[in-house]
Number of protein chains: 2
Amino acid sequence: MKELDPQNITGVVIDQMSSTPDPRLREVVDSLIRHLHDFVREVKLTPEELSDGLRFLTNVGQTCTDTRQEFVLLSEVMGIETLVYTIADRLGEEHGTPTSILGPFYVSNVPNLNLGASIVGERTPELVFYGQVTDAHQRPLSNASVEIWQTDEDGLYDVQRPEFSESDLRGRFYTNDKGMYYFKSILPLGYSIPMDGPVGKLVSAQRRHGMRPAHVHYIVNAPGFKSLTTAIYLEDDPYLNSDTVFGVTQSLVAAVKEDDRCSPMPGLPTLRFDFQLRSDT
Amino acid sequence: MKELDPQNITGVVIDQMSSTPDPRLREVVDSLIRHLHDFVREVKLTPEELSDGLRFLTNVGQTCTDTRQEFVLLSEVMGIETLVYTIADRLGEEHGTPTSILGPFYVSNVPNLNLGASIVGERTPELVFYGQVTDAHQRPLSNASVEIWQTDEDGLYDVQRPEFSESDLRGRFYTNDKGMYYFKSILPLGYSIPMDGPVGKLVSAQRRHGMRPAHVHYIVNAPGFKSLTTAIYLEDDPYLNSDTVFGVTQSLVAAVKEDDRCSPMPGLPTLRFDFQLRSDT
């Protein structure tokens, strides 16, 4: 039996976990223990602070429901989700479009639409979204599926509206033989993360605004390629440099063009974004 | 706007939190972010593993009830609670008895008993617990309160019994003018942490037995001194070196003496433990 002290406790804990049969579980937990213990030692975390922290985490867990995932939100506002994506994006040799946050508003059951269709229902379309889906060597991928969803003129997704009944501002398109997708829509509006839960309270205590810049979500798939979940952000958004969930990276920013000679549907401003998929190997 | 990568994301996150007005909140969160990001980079945590981990944490939060604190248990089985205690115990100059885990079975409303009383109700007492409460300079502290609680012959606390109605194997004593406390009781039995929740499942996946060695809980208080929450562990317990919650440290281990000439109540075996309190300054 040892006399435990702030240094040797870490080795004692890791020793007790050393029979873990799953090597990856062992590796991940060992590393987590070492880094969390280093954190506790560095700030000399007090018993009261530990107690407050555990109460906070309990509260985060208990705020989760079937339609709200407060722990995912916590990992997002700490930049952990984006860190995990940037690591995953770099694991292979090939360059591809960066992953961005899926968010809680994805719905898998969306209408398949023809290229050029509008997703705005009764509203008047304001601009054309378009671009090309290619492999890492810029070769066009035809028949790739491009799912998109976005907020409306109030910064709300369809499922957030009390009167929600049918899909709005969502759709799935398939690229043509040149790898192109295009559809008509309106500009999305930025919005706040939920500020009424424990994560929102933390963000407030940090004097962060809680906003996300305006964006359009995309999931792009083609056989033989890794599924890409990402989002395109609008260049002139005031929250572009201070996204509360760190979803924005420079190469996902796009600008509206008033007079785009390359537009597949002339007459409206455009927002072009090309996607590069990584091989699924 | 930067292109985020696995290295620069950490600085971007910390920058966004830099306006936190509470300096301690800022210090703690900054350090936590740096160490958690280091962990994610070290193991190259995948999106699926992050998702599994967040689901696990959600489950831990949702397992908590008014009478069960699964997040405290998680911090215990990772050695974090003990690490925090060992740091707090060393913050002052004075040496004192180490803190040990409070556990979930503390009840503040317990009977005040006279020195020498038995806490075993109708059972036959098996041994005498006794010892001296002193300051850091071995000066006896009279009228110090000594609260104790322990498991019964089945390894259960009174509040865990379905028929629980009144206090059993608990009591509060006050030291005499020599700083001595003594009472009669039975040997406690070790027990398992709750294995039916997410933390128990993690501990099982690590092939840990989940047991705690036999112990008696103490809270010792005297005016002008820091409150001491600790526990005394029995020397011959098979789980002494593998306590699932890392509560045991060498200086909290005590041995039963069959023939103790110093016993304040001769005729029974004894378990002596002296407590040293730190000044409350």
# chains A, B, ... in the order shown; residues from 1 in each chain; ligands from 1
call {"tool": "residues_around", "arguments": {"residues": "range 166-170 of chain B", "least_positions_apart": "5", "cutoff": "7 Å", "atoms": "only C-alpha atoms", "output": "number ranges by chain"}}
result
B: 110, 119-121, 148-150, 158
call {"tool": "residues_around", "arguments": {"residues": "Arg172 in chain B", "least_positions_apart": "6", "cutoff": "8 Å", "atoms": "only C-alpha atoms", "output": "VMD selection string"}}
result
chain B and resid 110 to 113 145 to 148
call {"tool": "write_last_selection", "arguments": {"atoms": "N, CA and C atoms", "output": "compact mmCIF listing (two decimals), in the first residue's frame"}}
result
# COMPACT_ATOMS: atom_id res chain seq x y z
N VAL B 110 -27.73 12.43 12.96
CA VAL B 110 -27.39 11.19 13.67
C VAL B 110 -27.43 11.46 15.18
N PRO B 111 -27.60 10.39 15.98
CA PRO B 111 -27.70 10.58 17.43
C PRO B 111 -26.35 11.00 18.05
N ASN B 112 -26.42 11.94 18.99
CA ASN B 112 -25.25 12.25 19.83
C ASN B 112 -25.18 11.17 20.92
N LEU B 113 -24.03 10.53 21.04
CA LEU B 113 -23.90 9.42 21.99
C LEU B 113 -22.80 9.70 23.00
N SER B 145 -16.04 17.03 17.75
CA SER B 145 -17.10 16.07 17.38
C SER B 145 -16.54 15.05 16.40
N VAL B 146 -16.91 13.80 16.64
CA VAL B 146 -16.43 12.68 15.81
C VAL B 146 -17.67 11.95 15.32
N GLU B 147 -18.00 12.16 14.04
CA GLU B 147 -19.15 11.44 13.47
C GLU B 147 -18.64 10.20 12.78
N ILE B 148 -19.31 9.08 12.98
CA ILE B 148 -18.89 7.86 12.29
C ILE B 148 -20.11 7.19 11.66
call {"tool": "select_by_dssp", "arguments": {"residues": "range 44-241 of chain B", "states": "strand (DSSP E)", "output": "number ranges by chain"}}
result
B: 127-134, 145-150, 170-174, 180-185, 191-192, 211-212, 215-221, 228-234
call {"tool": "write_last_selection", "arguments": {"atoms": "N, CA and C atoms", "output": "compact mmCIF listing (two decimals), in the first residue's frame"}}
result
# COMPACT_ATOMS: atom_id res chain seq x y z
N LEU B 127 -15.85 -5.08 18.85
CA LEU B 127 -14.58 -4.40 19.11
C LEU B 127 -14.80 -2.94 19.50
N VAL B 128 -13.72 -2.37 20.00
CA VAL B 128 -13.73 -0.98 20.43
C VAL B 128 -12.96 -0.14 19.42
N PHE B 129 -13.59 0.89 18.91
CA PHE B 129 -12.88 1.89 18.10
C PHE B 129 -12.49 3.02 19.04
N TYR B 130 -11.24 3.44 18.97
CA TYR B 130 -10.86 4.58 19.81
C TYR B 130 -9.67 5.30 19.22
N GLY B 131 -9.37 6.47 19.79
CA GLY B 131 -8.21 7.23 19.33
C GLY B 131 -8.27 8.63 19.88
N GLN B 132 -7.29 9.40 19.49
CA GLN B 132 -7.16 10.76 20.01
C GLN B 132 -7.26 11.76 18.86
N VAL B 133 -7.92 12.86 19.11
CA VAL B 133 -7.98 13.96 18.14
C VAL B 133 -7.03 15.04 18.63
N THR B 134 -6.08 15.42 17.76
CA THR B 134 -5.09 16.44 18.15
C THR B 134 -4.97 17.50 17.06
N SER B 145 -16.04 17.03 17.75
CA SER B 145 -17.10 16.07 17.38
C SER B 145 -16.54 15.05 16.40
N VAL B 146 -16.91 13.80 16.64
CA VAL B 146 -16.43 12.68 15.81
C VAL B 146 -17.67 11.95 15.32
N GLU B 147 -18.00 12.16 14.04
CA GLU B 147 -19.15 11.44 13.47
C GLU B 147 -18.64 10.20 12.78
N ILE B 148 -19.31 9.08 12.98
CA ILE B 148 -18.89 7.86 12.29
C ILE B 148 -20.11 7.19 11.66
N TRP B 149 -19.85 6.49 10.52
CA TRP B 149 -20.88 5.62 9.93
C TRP B 149 -20.19 4.48 9.21
N GLN B 150 -20.82 3.35 9.19
CA GLN B 150 -20.18 2.15 8.63
C GLN B 150 -21.22 1.16 8.15
N ARG B 170 -24.31 4.28 13.21
CA ARG B 170 -23.92 5.68 13.05
C ARG B 170 -23.91 6.33 14.43
N GLY B 171 -23.15 7.38 14.58
CA GLY B 171 -23.22 8.12 15.84
C GLY B 171 -22.29 9.32 15.82
N ARG B 172 -22.55 10.24 16.75
CA ARG B 172 -21.66 11.39 16.92
C ARG B 172 -21.19 11.40 18.37
N PHE B 173 -19.88 11.43 18.55
CA PHE B 173 -19.27 11.44 19.88
C PHE B 173 -18.50 12.75 20.05
N TYR B 174 -18.24 13.12 21.30
CA TYR B 174 -17.42 14.30 21.58
C TYR B 174 -16.23 13.85 22.41
N MET B 180 -9.75 12.17 23.64
CA MET B 180 -10.04 10.78 23.25
C MET B 180 -11.51 10.58 22.88
N TYR B 181 -11.72 9.72 21.85
CA TYR B 181 -13.06 9.21 21.54
C TYR B 181 -13.01 7.70 21.65
N TYR B 182 -14.10 7.06 21.98
CA TYR B 182 -14.17 5.59 21.98
C TYR B 182 -15.62 5.14 21.97
N PHE B 183 -15.84 4.07 21.26
CA PHE B 183 -17.20 3.49 21.19
C PHE B 183 -17.08 2.03 20.77
N LYS B 184 -18.18 1.29 20.97
CA LYS B 184 -18.19 -0.13 20.62
C LYS B 184 -18.97 -0.36 19.33
N SER B 185 -18.45 -1.27 18.52
CA SER B 185 -19.14 -1.56 17.26
C SER B 185 -18.78 -2.96 16.77
N TYR B 191 -17.71 -3.64 0.11
CA TYR B 191 -18.88 -3.76 -0.78
C TYR B 191 -18.52 -3.27 -2.17
N SER B 192 -19.43 -3.51 -3.08
CA SER B 192 -19.23 -3.12 -4.48
C SER B 192 -19.82 -1.74 -4.73
N MET B 211 -14.98 -3.50 -6.25
CA MET B 211 -15.12 -3.55 -4.79
C MET B 211 -14.40 -2.40 -4.09
N ARG B 212 -14.91 -2.09 -2.92
CA ARG B 212 -14.22 -1.21 -1.99
C ARG B 212 -13.81 -2.05 -0.78
N HIS B 215 -14.25 -0.39 5.54
CA HIS B 215 -13.81 0.88 6.11
C HIS B 215 -14.87 1.46 7.03
N VAL B 216 -14.45 2.39 7.84
CA VAL B 216 -15.37 3.14 8.70
C VAL B 216 -15.18 4.62 8.34
N HIS B 217 -16.29 5.29 8.05
CA HIS B 217 -16.22 6.72 7.71
C HIS B 217 -16.17 7.58 8.96
N TYR B 218 -15.41 8.66 8.88
CA TYR B 218 -15.34 9.61 9.98
C TYR B 218 -15.45 11.04 9.44
N ILE B 219 -16.15 11.89 10.18
CA ILE B 219 -16.03 13.34 9.99
C ILE B 219 -15.67 13.91 11.34
N VAL B 220 -14.54 14.62 11.40
CA VAL B 220 -14.05 15.13 12.68
C VAL B 220 -14.01 16.67 12.59
N ASN B 221 -14.58 17.32 13.60
CA ASN B 221 -14.65 18.78 13.62
C ASN B 221 -14.27 19.33 14.99
N LEU B 228 -12.55 17.62 8.83
CA LEU B 228 -11.87 16.47 8.22
C LEU B 228 -12.88 15.38 7.88
N THR B 229 -12.97 15.07 6.57
CA THR B 229 -13.79 13.94 6.13
C THR B 229 -12.84 12.84 5.71
N THR B 230 -12.92 11.69 6.36
CA THR B 230 -11.98 10.64 6.01
C THR B 230 -12.58 9.27 6.29
N ALA B 231 -11.77 8.23 6.19
CA ALA B 231 -12.22 6.87 6.48
C ALA B 231 -10.99 6.07 6.90
N ILE B 232 -11.25 5.08 7.74
CA ILE B 232 -10.19 4.18 8.21
C ILE B 232 -10.40 2.83 7.55
N TYR B 233 -9.34 2.27 7.01
CA TYR B 233 -9.42 1.01 6.27
C TYR B 233 -8.75 -0.10 7.05
N LEU B 234 -9.28 -1.31 6.93
CA LEU B 234 -8.77 -2.44 7.71
C LEU B 234 -7.60 -3.13 7.00
call {"tool": "atom_distance", "arguments": {"atom1": "CA of Leu141 in chain B", "atom2": "CA of Ser279 in chain B"}}
result
11.7 Å
call {"tool": "closest_residue", "arguments": {"among": "B:Gln16, B:Gln69, B:Thr46, B:Thr281", "to": "Asp30 in chain B", "atoms": "only C-alpha atoms"}}
result
B:Gln16
call {"tool": "calpha_fit_and_write", "arguments": {"fixed": "chain A", "moving": "chain B", "output": "short mmCIF file (atom, residue, chain, number, x, y, z; two decimals) with C-alpha atoms, in the first residue's frame"}}
result
data_model
loop_
_atom_site.label_atom_id
_atom_site.label_comp_id
_atom_site.auth_asym_id
_atom_site.auth_seq_id
_atom_site.Cartn_x
_atom_site.Cartn_y
_atom_site.Cartn_z
CA MET B 1 0.06 0.04 0.06
CA LYS B 2 1.36 3.46 -0.95
CA GLU B 3 0.86 6.83 0.63
CA LEU B 4 -1.02 8.57 -2.19
CA ASP B 5 0.12 12.04 -3.21
CA PRO B 6 -0.78 14.40 -6.06
CA GLN B 7 1.91 12.86 -8.27
CA ASN B 8 1.78 9.10 -7.68
CA ILE B 9 -2.05 8.80 -7.75
CA THR B 10 -2.03 8.95 -11.57
CA GLY B 11 0.18 5.87 -11.90
CA VAL B 12 -1.91 4.00 -9.31
CA VAL B 13 -5.09 4.69 -11.29
CA ILE B 14 -3.53 3.69 -14.62
CA ASP B 15 -2.13 0.49 -13.06
CA GLN B 16 -5.60 -0.51 -11.88
CA MET B 17 -6.90 -0.10 -15.45
CA SER B 18 -4.05 -2.03 -17.03
CA SER B 19 -6.02 -5.26 -17.48
CA THR B 20 -8.53 -3.63 -19.85
CA PRO B 21 -8.79 -6.21 -22.66
CA ASP B 22 -9.83 -3.75 -25.42
CA PRO B 23 -6.55 -2.06 -26.38
CA ARG B 24 -8.21 1.07 -27.78
CA LEU B 25 -10.37 1.56 -24.67
CA ARG B 26 -7.25 1.21 -22.57
CA GLU B 27 -5.28 3.68 -24.71
CA VAL B 28 -8.07 6.28 -24.71
CA VAL B 29 -8.84 6.06 -20.98
CA ASP B 30 -5.14 6.06 -19.99
CA SER B 31 -4.55 9.21 -22.00
CA LEU B 32 -7.71 10.86 -20.67
CA ILE B 33 -6.70 10.09 -17.07
CA ARG B 34 -3.20 11.54 -17.58
CA HIS B 35 -4.47 14.74 -19.17
CA LEU B 36 -7.34 15.26 -16.72
CA HIS B 37 -4.99 14.70 -13.77
CA ASP B 38 -2.51 17.18 -15.31
CA PHE B 39 -5.37 19.70 -15.56
CA VAL B 40 -6.39 19.17 -11.92
CA ARG B 41 -2.77 19.59 -10.75
CA GLU B 42 -2.17 22.66 -12.95
CA VAL B 43 -5.13 24.64 -11.60
CA LYS B 44 -5.07 23.01 -8.14
CA LEU B 45 -8.77 22.25 -8.50
CA THR B 46 -10.47 22.54 -5.11
CA PRO B 47 -13.03 20.08 -3.69
CA GLU B 48 -15.73 22.78 -4.03
CA GLU B 49 -14.82 23.38 -7.68
CA LEU B 50 -14.86 19.64 -8.41
CA SER B 51 -18.27 19.44 -6.79
CA ASP B 52 -19.54 22.44 -8.84
CA GLY B 53 -18.13 20.90 -12.01
CA LEU B 54 -19.77 17.52 -11.38
CA ARG B 55 -23.07 19.28 -10.67
CA PHE B 56 -22.69 21.18 -13.96
CA LEU B 57 -22.03 17.95 -15.90
CA THR B 58 -25.00 16.25 -14.23
CA ASN B 59 -27.16 19.18 -15.28
CA VAL B 60 -25.84 18.95 -18.87
CA GLY B 61 -26.80 15.26 -18.97
CA GLN B 62 -30.22 15.90 -17.51
CA THR B 63 -30.94 18.68 -20.02
CA CYS B 64 -30.66 16.15 -22.87
CA THR B 65 -33.93 14.90 -24.36
CA ASP B 66 -34.89 13.06 -27.54
CA THR B 67 -34.69 16.37 -29.40
CA ARG B 68 -31.91 18.16 -27.53
CA GLN B 69 -28.31 17.04 -27.05
CA GLU B 70 -26.68 19.38 -24.54
CA PHE B 71 -23.48 17.28 -24.25
CA VAL B 72 -22.85 17.55 -28.00
CA LEU B 73 -23.39 21.29 -27.62
CA LEU B 74 -20.87 21.37 -24.76
CA SER B 75 -18.28 19.58 -26.91
CA GLU B 76 -18.99 22.09 -29.69
CA VAL B 77 -18.59 25.27 -27.61
CA MET B 78 -15.26 23.87 -26.31
CA GLY B 79 -14.02 23.33 -29.88
CA ILE B 80 -13.70 19.59 -29.29
CA GLU B 81 -16.05 18.49 -32.07
CA THR B 82 -14.18 20.64 -34.61
CA LEU B 83 -10.82 19.41 -33.34
CA VAL B 84 -11.97 15.80 -33.84
CA TYR B 85 -13.12 16.64 -37.39
CA THR B 86 -9.89 18.43 -38.35
CA ILE B 87 -7.94 15.37 -37.18
CA ALA B 88 -10.20 12.93 -39.06
CA ASP B 89 -10.01 15.08 -42.22
CA ARG B 90 -6.21 14.80 -42.21
CA LEU B 91 -5.92 11.06 -41.52
CA GLY B 92 -5.60 10.10 -45.21
CA GLU B 93 -3.27 11.37 -47.88
CA GLU B 94 -5.94 13.03 -49.99
CA HIS B 95 -7.10 16.58 -49.67
CA GLY B 96 -10.85 17.11 -49.44
CA THR B 97 -13.44 19.64 -48.33
CA PRO B 98 -13.29 20.10 -44.52
CA THR B 99 -15.99 18.59 -42.34
CA SER B 100 -18.17 21.00 -40.39
CA ILE B 101 -20.68 20.55 -37.60
CA LEU B 102 -23.79 18.45 -38.34
CA GLY B 103 -25.89 20.28 -35.75
CA PRO B 104 -29.15 19.06 -34.27
CA PHE B 105 -31.48 19.92 -37.17
CA TYR B 106 -30.60 17.24 -39.71
CA VAL B 107 -33.55 15.20 -40.98
CA SER B 108 -32.82 12.15 -43.13
CA ASN B 109 -36.25 11.95 -44.76
CA VAL B 110 -36.13 14.79 -47.32
CA PRO B 111 -37.56 15.12 -50.85
CA ASN B 112 -35.44 14.15 -53.86
CA LEU B 113 -35.59 17.16 -56.18
CA ASN B 114 -34.61 17.82 -59.77
CA LEU B 115 -31.60 19.99 -60.47
CA GLY B 116 -32.62 23.63 -60.63
CA ALA B 117 -35.66 23.16 -58.36
CA SER B 118 -36.50 25.72 -55.71
CA ILE B 119 -36.58 24.67 -52.04
CA VAL B 120 -38.37 27.78 -50.79
CA GLY B 121 -42.01 26.75 -51.31
CA GLU B 122 -44.28 29.80 -51.76
CA ARG B 123 -41.48 32.30 -51.22
CA THR B 124 -39.65 34.05 -54.06
CA PRO B 125 -36.19 32.53 -54.64
CA GLU B 126 -33.36 35.02 -54.09
CA LEU B 127 -30.31 33.20 -55.30
CA VAL B 128 -28.87 30.13 -56.93
CA PHE B 129 -26.65 27.73 -55.00
CA TYR B 130 -24.44 25.68 -57.28
CA GLY B 131 -21.10 23.95 -57.60
CA GLN B 132 -19.27 20.86 -58.66
CA VAL B 133 -18.60 17.63 -56.77
CA THR B 134 -15.22 16.11 -57.61
CA ASP B 135 -12.73 13.59 -56.30
CA ALA B 136 -9.39 14.64 -54.82
CA HIS B 137 -7.99 14.99 -58.34
CA GLN B 138 -10.72 17.38 -59.51
CA ARG B 139 -12.47 14.70 -61.57
CA PRO B 140 -16.24 15.36 -61.63
CA LEU B 141 -18.47 12.88 -59.80
CA SER B 142 -21.82 12.41 -61.49
CA ASN B 143 -24.89 11.17 -59.64
CA ALA B 144 -23.43 12.22 -56.26
CA SER B 145 -26.18 12.98 -53.75
CA VAL B 146 -26.15 16.48 -52.28
CA GLU B 147 -28.42 16.96 -49.27
CA ILE B 148 -28.93 20.51 -48.06
CA TRP B 149 -30.80 22.17 -45.19
CA GLN B 150 -30.84 25.74 -43.99
CA THR B 151 -32.64 28.33 -41.87
CA ASP B 152 -35.37 30.61 -43.14
CA GLU B 153 -35.70 34.41 -43.09
CA ASP B 154 -36.22 34.24 -39.28
CA GLY B 155 -33.15 32.10 -38.61
CA LEU B 156 -35.27 28.99 -37.95
CA TYR B 157 -35.19 25.48 -39.39
CA ASP B 158 -38.52 24.03 -40.50
CA VAL B 159 -38.59 21.58 -37.55
CA GLN B 160 -38.30 24.48 -35.10
CA ARG B 161 -41.56 26.09 -36.25
CA PRO B 162 -44.55 25.27 -34.04
CA GLU B 163 -46.73 24.69 -37.12
CA PHE B 164 -44.12 22.41 -38.78
CA SER B 165 -45.71 19.74 -40.93
CA GLU B 166 -43.75 19.34 -44.16
CA SER B 167 -40.17 19.71 -45.29
CA ASP B 168 -39.13 23.31 -46.01
CA LEU B 169 -35.73 24.62 -47.11
CA ARG B 170 -34.40 21.09 -47.41
CA GLY B 171 -33.75 18.85 -50.38
CA ARG B 172 -31.64 16.14 -51.95
CA PHE B 173 -30.19 16.66 -55.42
CA TYR B 174 -28.08 14.41 -57.65
CA THR B 175 -25.21 15.85 -59.67
CA ASN B 176 -25.32 15.77 -63.48
CA ASP B 177 -22.71 14.20 -65.77
CA LYS B 178 -20.38 17.15 -65.15
CA GLY B 179 -20.67 16.67 -61.37
CA MET B 180 -22.75 19.86 -61.05
CA TYR B 181 -25.55 20.54 -58.55
CA TYR B 182 -27.75 23.66 -58.55
CA PHE B 183 -30.95 24.82 -56.93
CA LYS B 184 -32.78 28.01 -55.99
CA SER B 185 -33.20 29.23 -52.44
CA ILE B 186 -33.02 32.24 -50.15
CA LEU B 187 -30.16 33.47 -47.94
CA PRO B 188 -29.97 31.70 -44.60
CA LEU B 189 -29.86 33.71 -41.38
CA GLY B 190 -27.55 33.12 -38.40
CA TYR B 191 -28.95 32.16 -35.02
CA SER B 192 -28.13 31.60 -31.38
CA ILE B 193 -27.32 28.28 -29.74
CA PRO B 194 -29.86 27.38 -27.00
CA MET B 195 -28.99 29.75 -24.15
CA ASP B 196 -31.50 28.46 -21.57
CA GLY B 197 -29.51 25.38 -20.51
CA PRO B 198 -26.26 24.86 -18.56
CA VAL B 199 -24.09 25.26 -21.68
CA GLY B 200 -25.80 28.55 -22.57
CA LYS B 201 -25.21 29.74 -19.00
CA LEU B 202 -21.50 28.87 -19.26
CA VAL B 203 -21.24 30.70 -22.59
CA SER B 204 -22.95 33.75 -21.02
CA ALA B 205 -20.59 33.64 -18.04
CA GLN B 206 -17.76 33.79 -20.58
CA ARG B 207 -19.35 36.89 -22.20
CA ARG B 208 -19.65 35.08 -25.55
CA HIS B 209 -22.57 36.12 -27.77
CA GLY B 210 -23.79 32.57 -28.41
CA MET B 211 -24.39 33.22 -32.12
CA ARG B 212 -23.60 31.13 -35.15
CA PRO B 213 -22.92 32.84 -38.49
CA ALA B 214 -25.36 32.21 -41.37
CA HIS B 215 -24.70 28.92 -43.16
CA VAL B 216 -26.14 26.20 -45.33
CA HIS B 217 -25.62 22.57 -44.29
CA TYR B 218 -24.54 19.97 -46.82
CA ILE B 219 -24.09 16.21 -46.79
CA VAL B 220 -22.44 14.96 -49.97
CA ASN B 221 -22.17 11.27 -50.86
CA ALA B 222 -20.88 9.30 -53.81
CA PRO B 223 -20.16 5.56 -54.05
CA GLY B 224 -16.52 4.81 -53.26
CA PHE B 225 -16.01 8.08 -51.36
CA LYS B 226 -16.18 9.10 -47.72
CA SER B 227 -19.43 10.76 -46.73
CA LEU B 228 -18.88 14.51 -46.27
CA THR B 229 -20.86 16.45 -43.67
CA THR B 230 -20.13 20.14 -43.89
CA ALA B 231 -21.57 23.65 -44.15
CA ILE B 232 -20.94 26.74 -46.24
CA TYR B 233 -20.66 30.07 -44.44
CA LEU B 234 -21.45 33.51 -45.88
CA GLU B 235 -18.48 35.82 -46.26
CA ASP B 236 -20.03 39.02 -44.90
CA ASP B 237 -21.56 37.56 -41.74
CA PRO B 238 -20.76 39.55 -38.56
CA TYR B 239 -20.23 36.35 -36.55
CA LEU B 240 -17.90 34.67 -39.06
CA ASN B 241 -14.83 35.11 -36.82
CA SER B 242 -16.57 34.26 -33.57
CA ASP B 243 -18.77 31.23 -34.28
CA THR B 244 -19.76 29.92 -30.83
CA VAL B 245 -19.32 26.31 -31.97
CA PHE B 246 -16.20 26.86 -34.11
CA GLY B 247 -17.78 25.44 -37.28
CA VAL B 248 -16.25 28.01 -39.65
CA THR B 249 -12.92 27.54 -41.34
CA GLN B 250 -11.61 29.75 -44.14
CA SER B 251 -12.09 27.25 -46.94
CA LEU B 252 -15.79 26.86 -46.11
CA VAL B 253 -16.53 30.57 -46.59
CA ALA B 254 -18.27 31.58 -49.82
CA ALA B 255 -19.40 34.93 -51.25
CA VAL B 256 -22.60 35.86 -53.05
CA LYS B 257 -21.92 36.98 -56.62
CA GLU B 258 -24.39 39.43 -58.14
CA ASP B 259 -23.46 38.84 -61.77
CA ASP B 260 -21.97 35.39 -62.22
CA ARG B 261 -21.25 34.51 -65.84
CA CYS B 262 -20.78 30.85 -64.91
CA SER B 263 -24.22 30.51 -63.32
CA PRO B 264 -26.22 27.52 -64.55
CA MET B 265 -29.40 29.60 -63.98
CA PRO B 266 -28.76 33.22 -65.02
CA GLY B 267 -30.90 36.02 -63.65
CA LEU B 268 -30.29 35.59 -59.92
CA PRO B 269 -27.23 36.16 -57.70
CA THR B 270 -25.25 32.99 -57.01
CA LEU B 271 -23.38 31.26 -54.22
CA ARG B 272 -20.96 28.77 -55.68
CA PHE B 273 -19.28 26.05 -53.69
CA ASP B 274 -17.40 23.03 -55.03
CA PHE B 275 -16.96 19.88 -52.96
CA GLN B 276 -14.00 17.57 -53.06
CA LEU B 277 -14.60 14.06 -51.70
CA ARG B 278 -11.96 11.75 -50.24
CA SER B 279 -11.76 8.13 -51.42
CA ASP B 280 -13.33 5.63 -49.08
CA THR B 281 -10.23 3.45 -48.70
#
call {"tool": "select_by_dssp", "arguments": {"residues": "range 46-80 of chain B", "states": "helix (DSSP H, G or I)", "output": "ChimeraX atom specification"}}
result
/B:47-63,70-77,80
